[in-house]
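Structure file structure13.cif (mmCIF, C-alpha atoms and all ligand atoms) is printed below.
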```cif
data_target
#
loop_
_atom_site.label_atom_id
_atom_site.label_comp_id
_atom_site.auth_asym_id
_atom_site.auth_seq_id
_atom_site.Cartn_x
_atom_site.Cartn_y
_atom_site.Cartn_z
CA MET C 1 123.88 107.31 109.82
CA ASN C 2 121.20 109.48 108.28
CA LYS C 3 122.53 112.99 108.79
CA ILE C 4 120.22 114.43 106.18
CA ASN C 5 116.51 114.48 106.84
CA LYS C 6 115.49 112.88 103.56
CA LYS C 7 113.71 109.71 102.55
CA VAL C 8 115.86 106.83 101.39
CA VAL C 9 114.89 104.63 98.44
CA VAL C 10 116.64 101.47 97.25
CA VAL C 11 116.16 100.81 93.53
CA THR C 12 117.40 97.43 92.31
CA GLY C 13 118.58 97.19 88.72
CA ALA C 14 118.88 100.98 88.67
CA GLY C 15 121.63 101.07 86.05
CA SER C 16 119.54 101.16 82.89
CA GLY C 17 116.06 101.28 81.38
CA ILE C 18 113.09 101.54 83.72
CA GLY C 19 115.24 101.34 86.87
CA LYS C 20 117.34 104.29 85.73
CA GLY C 21 114.14 106.27 85.07
CA ILE C 22 112.80 105.41 88.54
CA ALA C 23 116.09 106.25 90.28
CA SER C 24 116.37 109.57 88.42
CA GLN C 25 112.82 110.59 89.32
CA PHE C 26 113.36 109.83 93.04
CA ALA C 27 116.63 111.78 92.94
CA THR C 28 114.86 114.85 91.53
CA SER C 29 112.17 114.41 94.21
CA ASP C 30 114.77 114.91 96.95
CA TYR C 31 115.22 111.28 98.00
CA CYS C 32 118.58 109.68 98.83
CA VAL C 33 118.74 107.06 96.08
CA VAL C 34 120.56 103.76 96.52
CA LEU C 35 121.51 102.27 93.14
CA ALA C 36 121.51 98.55 93.99
CA THR C 37 122.53 97.14 90.67
CA LEU C 38 124.78 94.40 89.26
CA ASN C 39 126.65 96.24 86.53
CA LYS C 40 129.44 98.29 88.15
CA GLN C 41 130.01 100.57 85.18
CA GLU C 42 126.30 101.49 84.89
CA GLY C 43 125.97 102.00 88.66
CA GLU C 44 129.05 104.21 88.96
CA GLN C 45 128.08 106.20 85.87
CA LEU C 46 124.55 106.95 87.16
CA GLU C 47 125.86 107.78 90.63
CA LYS C 48 128.26 110.29 89.04
CA GLU C 49 125.50 111.80 86.87
CA LEU C 50 123.06 112.27 89.78
CA VAL C 51 125.71 113.62 92.16
CA SER C 52 126.87 116.10 89.50
CA LEU C 53 123.28 117.45 89.47
CA GLY C 54 123.52 118.04 93.23
CA GLN C 55 121.39 114.96 94.01
CA GLU C 56 122.07 112.27 96.62
CA ALA C 57 122.96 108.88 95.14
CA TYR C 58 124.88 105.88 96.47
CA PHE C 59 125.87 102.93 94.27
CA VAL C 60 126.06 99.56 96.03
CA GLN C 61 126.98 96.75 93.66
CA THR C 62 124.35 94.07 94.29
CA ASP C 63 123.35 90.74 92.83
CA VAL C 64 119.71 90.28 93.84
CA ARG C 65 119.99 86.51 93.22
CA GLU C 66 122.54 86.11 96.01
CA GLU C 67 121.46 86.18 99.65
CA GLN C 68 124.84 87.39 100.95
CA SER C 69 124.99 90.19 98.38
CA VAL C 70 121.51 91.40 99.36
CA LYS C 71 122.35 91.25 103.09
CA ASP C 72 125.59 93.20 102.44
CA MET C 73 123.67 95.81 100.43
CA VAL C 74 121.11 96.36 103.21
CA ARG C 75 123.90 96.57 105.82
CA ALA C 76 125.77 99.13 103.67
CA VAL C 77 122.63 101.26 103.26
CA ILE C 78 121.83 101.20 106.96
CA SER C 79 125.39 102.18 107.85
CA HIS C 80 125.36 104.97 105.21
CA TYR C 81 121.86 106.43 105.69
CA GLY C 82 120.51 104.72 108.83
CA LYS C 83 117.24 103.55 107.26
CA VAL C 84 115.32 102.54 104.13
CA ASP C 85 111.91 104.13 103.47
CA VAL C 86 111.16 102.66 100.06
CA LEU C 87 112.28 99.57 98.15
CA VAL C 88 111.71 99.27 94.41
CA ASN C 89 112.28 95.70 93.22
CA ASN C 90 113.00 96.48 89.59
CA ALA C 91 115.98 94.25 88.64
CA GLY C 92 114.86 91.71 86.10
CA VAL C 93 115.85 89.74 83.05
CA THR C 94 113.56 88.85 80.16
CA LEU C 95 113.93 85.60 78.28
CA PHE C 96 111.36 84.30 75.83
CA LYS C 97 112.19 80.81 74.55
CA PRO C 98 110.05 77.92 73.27
CA LEU C 99 109.17 75.49 76.06
CA LEU C 100 110.58 72.58 74.07
CA GLU C 101 113.99 74.31 73.89
CA ALA C 102 114.14 75.95 77.33
CA THR C 103 116.62 74.47 79.80
CA LEU C 104 116.75 74.40 83.56
CA ASP C 105 119.60 76.95 83.36
CA ASP C 106 117.24 79.30 81.44
CA TRP C 107 114.60 78.78 84.11
CA SER C 108 117.09 79.57 86.90
CA ARG C 109 118.36 82.68 85.10
CA VAL C 110 114.88 84.17 84.85
CA VAL C 111 113.30 82.95 88.08
CA ASP C 112 116.36 83.60 90.28
CA THR C 113 116.53 87.25 89.22
CA ASP C 114 112.85 88.09 88.70
CA LEU C 115 111.30 86.16 91.62
CA ARG C 116 113.95 84.97 94.09
CA GLY C 117 115.53 88.45 93.89
CA VAL C 118 112.22 90.08 94.87
CA PHE C 119 111.88 87.65 97.78
CA LEU C 120 115.42 88.25 99.07
CA CYS C 121 115.41 92.05 98.75
CA SER C 122 111.93 92.34 100.27
CA LYS C 123 112.83 90.04 103.17
CA TYR C 124 116.00 91.89 104.18
CA VAL C 125 114.75 95.42 103.51
CA ALA C 126 111.46 94.73 105.34
CA GLU C 127 113.50 93.36 108.28
CA ALA C 128 115.49 96.62 108.36
CA MET C 129 112.27 98.69 108.11
CA VAL C 130 110.74 96.80 111.06
CA LYS C 131 113.93 97.14 113.17
CA THR C 132 114.18 100.88 112.54
CA GLU C 133 110.39 101.35 112.86
CA VAL C 134 110.06 102.80 109.39
CA LYS C 135 106.54 102.66 107.95
CA GLY C 136 107.78 102.10 104.45
CA ALA C 137 106.66 101.07 100.99
CA ILE C 138 107.75 98.24 98.71
CA ILE C 139 107.00 98.50 95.00
CA ASN C 140 107.61 95.49 92.77
CA ILE C 141 108.11 96.01 89.05
CA SER C 142 106.24 93.12 87.48
CA SER C 143 104.85 92.95 83.93
CA ASN C 144 101.62 92.75 81.96
CA HIS C 145 102.69 89.12 81.40
CA ALA C 146 101.46 88.50 84.96
CA PHE C 147 97.90 88.93 83.60
CA ARG C 148 97.89 87.83 79.93
CA THR C 149 100.71 86.31 78.00
CA LEU C 150 101.96 84.80 74.72
CA PRO C 151 103.45 81.53 73.53
CA HIS C 152 107.07 80.87 74.58
CA THR C 153 106.99 83.05 77.69
CA GLU C 154 106.43 80.34 80.33
CA MET C 155 109.47 81.20 82.48
CA TYR C 156 108.99 84.98 82.43
CA ALA C 157 105.21 84.77 82.88
CA ALA C 158 105.66 82.37 85.81
CA ALA C 159 108.18 84.67 87.49
CA LYS C 160 106.04 87.79 87.03
CA GLY C 161 102.83 85.99 88.04
CA GLY C 162 104.73 84.94 91.15
CA VAL C 163 105.73 88.55 91.82
CA ASN C 164 102.06 89.61 91.76
CA ALA C 165 101.05 86.74 94.07
CA MET C 166 103.91 87.55 96.46
CA THR C 167 102.92 91.23 96.41
CA ARG C 168 99.44 90.37 97.69
CA SER C 169 100.77 88.13 100.46
CA MET C 170 103.50 90.59 101.52
CA ALA C 171 100.92 93.38 101.70
CA LEU C 172 98.96 91.26 104.19
CA SER C 173 102.03 90.11 106.16
CA LEU C 174 103.59 93.57 106.50
CA GLY C 175 100.45 95.68 106.94
CA SER C 176 100.60 95.54 110.73
CA TYR C 177 104.09 97.12 110.60
CA GLY C 178 102.74 99.98 108.49
CA ILE C 179 104.59 98.74 105.40
CA ARG C 180 102.63 98.88 102.14
CA VAL C 181 103.40 96.61 99.18
CA ASN C 182 102.18 97.13 95.61
CA CYS C 183 103.24 96.12 92.15
CA VAL C 184 103.46 98.05 88.90
CA CYS C 185 103.05 96.04 85.70
CA PRO C 186 104.49 97.71 82.61
CA GLY C 187 103.73 96.66 79.06
CA PHE C 188 105.93 97.71 76.11
CA THR C 189 108.31 100.34 77.49
CA ASP C 190 110.75 102.39 75.46
CA THR C 191 114.10 101.14 76.75
CA ASP C 192 117.33 100.09 74.99
CA HIS C 193 115.97 96.52 75.07
CA TYR C 194 112.82 97.54 73.22
CA GLN C 195 114.83 99.46 70.62
CA THR C 196 117.19 96.48 70.12
CA TRP C 197 114.21 94.11 69.78
CA LEU C 198 112.58 96.46 67.26
CA HIS C 199 115.70 97.04 65.18
CA ASP C 200 116.46 93.31 65.04
CA LYS C 201 113.26 92.91 63.00
CA GLU C 202 113.34 92.84 59.22
CA SER C 203 110.97 95.82 58.97
CA PRO C 204 111.22 97.83 62.21
CA ASP C 205 108.84 100.54 60.92
CA ALA C 206 106.09 98.03 60.12
CA VAL C 207 106.56 96.27 63.47
CA GLU C 208 106.43 99.59 65.28
CA ARG C 209 103.17 100.49 63.51
CA ASP C 210 101.73 97.12 64.62
CA VAL C 211 102.87 97.68 68.20
CA LEU C 212 101.34 101.14 68.34
CA LYS C 213 98.01 99.84 66.95
CA LEU C 214 97.72 97.58 70.01
CA HIS C 215 97.67 100.60 72.32
CA ALA C 216 94.48 102.54 73.05
CA THR C 217 96.65 105.56 73.77
CA GLY C 218 98.54 105.14 70.48
CA ARG C 219 101.90 104.94 72.20
CA ILE C 220 104.03 102.65 74.34
CA SER C 221 105.17 103.68 77.83
CA THR C 222 108.33 105.52 78.76
CA PRO C 223 110.41 104.81 81.88
CA ALA C 224 109.07 108.16 83.18
CA ASP C 225 105.45 106.85 82.90
CA ILE C 226 106.42 103.93 85.14
CA ALA C 227 108.44 106.14 87.50
CA ARG C 228 105.51 108.53 88.09
CA LEU C 229 103.27 105.69 89.33
CA VAL C 230 106.10 104.28 91.46
CA GLY C 231 106.60 107.75 92.97
CA PHE C 232 102.89 107.93 93.80
CA LEU C 233 102.89 104.45 95.40
CA ALA C 234 105.91 105.46 97.52
CA SER C 235 104.23 108.66 98.72
CA GLU C 236 101.72 109.55 101.41
CA ALA C 237 99.21 110.24 98.62
CA SER C 238 98.76 106.45 98.39
CA ALA C 239 98.61 105.90 102.18
CA ASN C 240 95.68 103.45 102.02
CA ILE C 241 96.76 101.56 98.90
CA THR C 242 98.39 98.17 99.45
CA GLY C 243 98.29 94.76 97.74
CA GLY C 244 97.50 96.50 94.44
CA GLU C 245 98.52 95.45 90.93
CA PHE C 246 98.65 98.37 88.49
CA LEU C 247 99.07 98.07 84.74
CA VAL C 248 100.90 100.84 82.87
CA ASP C 249 100.44 99.69 79.29
CA GLY C 250 98.36 102.18 77.29
CA GLY C 251 95.37 99.81 77.30
CA LEU C 252 97.27 96.93 75.66
CA THR C 253 96.07 94.26 78.11
CA ALA C 254 92.46 95.49 78.15
CA ALA C 255 91.77 94.09 74.68
CA LEU C 256 90.05 90.72 74.36
CA TYR C 257 91.95 89.99 71.14
CA HIS C 258 93.46 91.79 68.18
CA ALA C 259 92.54 91.07 64.57
CA ASP C 260 92.72 93.16 61.40
CA ASN C 261 90.29 91.23 59.19
CA PHE C 262 87.04 91.05 61.11
N1 LIG G 301 111.28 97.18 79.19
C1 LIG G 301 110.07 96.68 79.13
O1 LIG G 301 109.39 96.78 78.08
C2 LIG G 301 109.45 95.99 80.33
C3 LIG G 301 108.11 95.60 80.26
C4 LIG G 301 107.54 94.98 81.36
C5 LIG G 301 108.28 94.77 82.51
N2 LIG G 301 109.57 95.16 82.55
C6 LIG G 301 110.30 94.91 83.81
O2 LIG G 301 110.93 96.11 84.22
C7 LIG G 301 112.15 95.80 84.90
C8 LIG G 301 113.28 96.57 84.25
O3 LIG G 301 113.35 96.19 82.88
P1 LIG G 301 114.28 96.99 81.82
O4 LIG G 301 113.70 96.70 80.49
O5 LIG G 301 114.47 98.39 82.26
O6 LIG G 301 115.64 96.13 81.96
P2 LIG G 301 117.17 96.53 81.68
O7 LIG G 301 117.83 95.28 81.22
O8 LIG G 301 117.31 97.77 80.85
O9 LIG G 301 117.70 96.85 83.15
C9 LIG G 301 117.81 95.85 84.10
C10 LIG G 301 118.75 96.31 85.17
O10 LIG G 301 118.82 95.27 86.15
C11 LIG G 301 120.19 94.99 86.43
N3 LIG G 301 120.29 93.59 86.82
C12 LIG G 301 120.18 92.48 86.06
N4 LIG G 301 120.38 91.38 86.82
C13 LIG G 301 120.59 91.81 88.08
C14 LIG G 301 120.88 91.17 89.31
N5 LIG G 301 120.97 89.83 89.38
N6 LIG G 301 121.04 91.91 90.42
C15 LIG G 301 120.96 93.26 90.36
N7 LIG G 301 120.72 93.94 89.23
C16 LIG G 301 120.54 93.22 88.10
C17 LIG G 301 120.94 95.31 85.14
O11 LIG G 301 122.30 95.54 85.39
C18 LIG G 301 120.17 96.56 84.68
O12 LIG G 301 120.69 97.70 85.32
C19 LIG G 301 112.31 94.28 84.83
O13 LIG G 301 111.83 93.70 86.02
C20 LIG G 301 111.43 93.90 83.66
O14 LIG G 301 110.94 92.57 83.75
C21 LIG G 301 110.18 95.75 81.49
#
```
Written as C-alpha cells, that's how I'd like the structure from this file.
Amino acid sequence: MNKINKKVVVVTGAGSGIGKGIASQFATSDYCVVLATLNKQEGEQLEKELVSLGQEAYFVQTDVREEQSVKDMVRAVISHYGKVDVLVNNAGVTLFKPLLEATLDDWSRVVDTDLRGVFLCSKYVAEAMVKTEVKGAIINISSNHAFRTLPHTEMYAAAKGGVNAMTRSMALSLGSYGIRVNCVCPGFTDTDHYQTWLHDKESPDAVERDVLKLHATGRISTPADIARLVGFLASEASANITGGEFLVDGGLTAALYHADNF
C-alpha cells in the first residue's frame, strides 16, 4: 500500500525515447513512477538509474496490447502503491508503409499497440481510479499525424486519429469522476528513432536542414519539451483542462504547405 504520501504515475513505454523523458521528469518532480514497458532490459535499467538518484521507480513488465498483462500491471501497482493518480499512455510503434504493400499483420501491429493499448490501459487504470476515489489525469501521447499527414501513413494516422477521438470521449465519460483526459501530439522529436531515420538517409545533413526549415522555432522537439507539457496536464495547474489536443511541434503543423520555389 501507499506508505509514502506521493503521487503515483504510470508511464507506458517508459523504457526509451519520449516515455523515458516523461518518466524521468515525473521522478524528479517527486512522483512514484511506474515504468510499464515491454522491454525488460530497458525497464530494469531505467528503474536502476532513477533509484540510484534517490527517486521512486517501479518497473512492471507490461504489454499494452494484452488485456491480461494490463490487468496484472494495474493490480501490481495497486498492491505496491495503493493508487494511481496519473496515467500516461505513451507506448507506441511507428510504421509507415505504402497502402498497396501493407498487410493486415502490419495494421494489427500498429493499431493494437497505439490504439487498443490506449483503450486497455485507460479502461483498467480509470477503473482503479474510480474504485480508490482518485481524481486523476490521463494523458495520451498521440502525434501531429492525428491532424495532418503524409502518403503511406494510413495505419499510423488512423491509430493516432483514433487516440484523439477517444481522448475527447473519455474526457466526457470520466469528467463526473473528476478524472481529466487530454492528449499531447508531438511532431519530430529527437529520439534514437529520429536519429536512426536521419542517419539512414544518403545525406543526413541536408535532410536535417530540410527538417529544421519546416519548424517556425527552427528546431525539433526534445523528449523534455513533451514531458513539460505532460507534467502540466497532470498537475493542478491544469485543473479545468480536459478533452484537449495539444501539438508540440515547433509550428510544423501550422503551415498550409511548404515550397521552396514560389
Ligand atoms: N519520436 C517521435 O518523433 C514521435 C513523434 C510523434 C509521436 N510520437 C509518439 O510518442 C510515443 C513514444 O515514441 P518514441 O519515439 O519515444 O518511441 P520509442 O520506440 O523510443 O519508445 C517506445 C517505448 O514503448 C515500448 N513499447 C513498445 N511496444 C509496447 C507494448 N506493446 N507494450 C508496452 N510497451 C511497449 C518500447 O519498449 C519503448 O520503451 C509513441 O506513442 C509515438 O507514436 C513519437
Pick out the residues sitting within 12 Å of C:Lys97, and hand them over as a list in words; count only C-alpha atoms, and ignore anything fewer than 6 positions along from it in its own chain.
Thr103, Leu104, Asp106, Trp107, Val110, Leu150, Pro151, His152, Thr153, Glu154, Met155, Tyr156 and Ala157 of chain C
Counting only C-alpha atoms, which residues come within 10 Å of (123.9, 108.7, 89.6), with the point read in the file's coordinates, and could you list them as a list in words?
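Those residues lying close to the given coordinates are Ala14, Gly15, Lys20, Ala23, Ser24, Ala27, Val33, Val34, Leu35, Glu42, Gly43, Glu44, Gln45, Leu46, Glu47, Lys48, Glu49, Leu50, Val51, Ser52, Leu53, Gln55, Glu56, Ala57, Tyr58 and Phe59 of chain C.
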For stretch 88-95 of chain C, work out the shell of residues within 7 Å, counting all atoms listed in the file and skipping chain neighbours fewer than 5 positions away, then give it as a VMD selection string.
chain C and resid 10 to 13 19 110 113 to 114 118 138 to 141 156
With only C-alpha atoms as the counted atoms, please give the residues lying no more than 9 Å from C:Lys135, apart from itself and same-chain residues fewer than 2 positions off, as a PyMOL selection string.
chain C and resi 85+129-130+133+137+177-180
Find the residues around C:Tyr257 up to 10 Å (only C-alpha atoms counted), leave out those fewer than 4 positions away in its own chain, and share them as a ChimeraX atom specification.
/C:214,252-253
Enclosing box along x, y and z for every listed atom of stretch 12-29 of chain C, padded 3 Å each side, centre and size in Å, one decimal, as JSON:
```
{"center_x": 116.9, "center_y": 106.0, "center_z": 87.8, "size_x": 15.5, "size_y": 23.7, "size_z": 18.8}
```
Using only C-alpha atoms, which residues sit within 7 Å of C:Leu38 once same-chain residues fewer than 3 positions away are excluded, as a PyMOL selection string?
chain C and resi 13+61-63
Got a sec to check which residues sit within 12 Å of (92.9, 93.6, 62.2), counting only C-alpha atoms, and write them as number ranges by chain?
C: 210, 213-214, 257-262
I'd like to know which of C:Val64, C:Pro223, C:Ser238, C:Leu120 is closest to ligand LIG 301 (chain G), using all atoms listed in the file.
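Of C:Val64, C:Pro223, C:Ser238, C:Leu120, the one nearest ligand LIG 301 (chain G) is C:Val64, counting all atoms listed in the file.
Atom CA of C:Thr132 is found 22.1 Å from atom CA of C:Ile241.
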Interatomic distance between atom CA of C:Gly162 and atom CA of C:Lys83?
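It comes out at 27.6 Å.
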Enter the distance from atom C20 of ligand LIG 301 (chain G) to atom CA of C:Ile18, in Å, rounded to one decimal.
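Separation between atom C20 of ligand LIG 301 (chain G) and atom CA of C:Ile18: 7.8 Å.
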Nearest-residue call for C:Ser142, choices C:Phe232, C:Tyr81, C:Phe246, C:Tyr124, using all atoms listed in the file
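Residue with the minimum atom-to-atom distance to C:Ser142: C:Phe246.
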Check the smallest atom-to-atom distance from each of C:Glu245, C:Asp30, C:Asp190, C:Asp200 to ligand LIG 301 (chain G) using all atoms listed in the file, then report the winner.
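Under the stated criterion, the closest residue is C:Asp190.
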Show me that you can extract stretch 62-77 of chain C, keeping N, CA, C and O atoms, and write it as an mmCIF file, in the first residue's frame.
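Output file selection_4.cif follows:
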```cif
data_model
loop_
_atom_site.group_PDB
_atom_site.id
_atom_site.type_symbol
_atom_site.label_atom_id
_atom_site.label_comp_id
_atom_site.auth_asym_id
_atom_site.auth_seq_id
_atom_site.Cartn_x
_atom_site.Cartn_y
_atom_site.Cartn_z
ATOM 1 N N THR C 62 5.099 -4.908 -19.024
ATOM 2 C CA THR C 62 3.710 -4.804 -19.488
ATOM 3 C C THR C 62 3.674 -4.816 -21.007
ATOM 4 O O THR C 62 4.475 -4.141 -21.659
ATOM 5 N N ASP C 63 2.711 -5.562 -21.543
ATOM 6 C CA ASP C 63 2.424 -5.477 -22.974
ATOM 7 C C ASP C 63 1.058 -4.828 -23.101
ATOM 8 O O ASP C 63 0.029 -5.451 -22.791
ATOM 9 N N VAL C 64 1.030 -3.577 -23.550
ATOM 10 C CA VAL C 64 -0.242 -2.824 -23.559
ATOM 11 C C VAL C 64 -1.263 -3.419 -24.525
ATOM 12 O O VAL C 64 -2.444 -3.095 -24.459
ATOM 13 N N ARG C 65 -0.804 -4.312 -25.429
ATOM 14 C CA ARG C 65 -1.746 -4.932 -26.388
ATOM 15 C C ARG C 65 -2.573 -6.027 -25.738
ATOM 16 O O ARG C 65 -3.594 -6.438 -26.270
ATOM 17 N N GLU C 66 -2.085 -6.540 -24.590
ATOM 18 C CA GLU C 66 -2.679 -7.731 -23.983
ATOM 19 C C GLU C 66 -3.495 -7.376 -22.752
ATOM 20 O O GLU C 66 -2.958 -6.844 -21.773
ATOM 21 N N GLU C 67 -4.778 -7.735 -22.771
ATOM 22 C CA GLU C 67 -5.672 -7.369 -21.664
ATOM 23 C C GLU C 67 -5.166 -7.912 -20.324
ATOM 24 O O GLU C 67 -5.136 -7.175 -19.331
ATOM 25 N N GLN C 68 -4.728 -9.195 -20.309
ATOM 26 C CA GLN C 68 -4.306 -9.778 -19.032
ATOM 27 C C GLN C 68 -3.059 -9.070 -18.490
ATOM 28 O O GLN C 68 -2.934 -8.831 -17.290
ATOM 29 N N SER C 69 -2.159 -8.708 -19.394
ATOM 30 C CA SER C 69 -0.931 -8.031 -18.976
ATOM 31 C C SER C 69 -1.258 -6.663 -18.358
ATOM 32 O O SER C 69 -0.672 -6.265 -17.342
ATOM 33 N N VAL C 70 -2.211 -5.963 -18.964
ATOM 34 C CA VAL C 70 -2.598 -4.638 -18.439
ATOM 35 C C VAL C 70 -3.288 -4.790 -17.080
ATOM 36 O O VAL C 70 -2.988 -4.052 -16.126
ATOM 37 N N LYS C 71 -4.169 -5.788 -16.972
ATOM 38 C CA LYS C 71 -4.851 -6.024 -15.682
ATOM 39 C C LYS C 71 -3.834 -6.367 -14.597
ATOM 40 O O LYS C 71 -3.910 -5.869 -13.471
ATOM 41 N N ASP C 72 -2.844 -7.225 -14.951
ATOM 42 C CA ASP C 72 -1.809 -7.612 -13.982
ATOM 43 C C ASP C 72 -0.987 -6.399 -13.559
ATOM 44 O O ASP C 72 -0.614 -6.255 -12.394
ATOM 45 N N MET C 73 -0.693 -5.518 -14.518
ATOM 46 C CA MET C 73 0.101 -4.316 -14.208
ATOM 47 C C MET C 73 -0.660 -3.441 -13.214
ATOM 48 O O MET C 73 -0.100 -2.998 -12.203
ATOM 49 N N VAL C 74 -1.949 -3.214 -13.485
ATOM 50 C CA VAL C 74 -2.729 -2.333 -12.594
ATOM 51 C C VAL C 74 -2.818 -2.969 -11.200
ATOM 52 O O VAL C 74 -2.638 -2.284 -10.183
ATOM 53 N N ARG C 75 -3.022 -4.294 -11.162
ATOM 54 C CA ARG C 75 -3.097 -4.980 -9.856
ATOM 55 C C ARG C 75 -1.769 -4.829 -9.107
ATOM 56 O O ARG C 75 -1.746 -4.542 -7.909
ATOM 57 N N ALA C 76 -0.647 -4.982 -9.823
ATOM 58 C CA ALA C 76 0.673 -4.861 -9.183
ATOM 59 C C ALA C 76 0.884 -3.450 -8.628
ATOM 60 O O ALA C 76 1.401 -3.266 -7.524
ATOM 61 N N VAL C 77 0.443 -2.448 -9.384
ATOM 62 C CA VAL C 77 0.635 -1.054 -8.936
ATOM 63 C C VAL C 77 -0.220 -0.773 -7.693
ATOM 64 O O VAL C 77 0.253 -0.154 -6.730
#
```
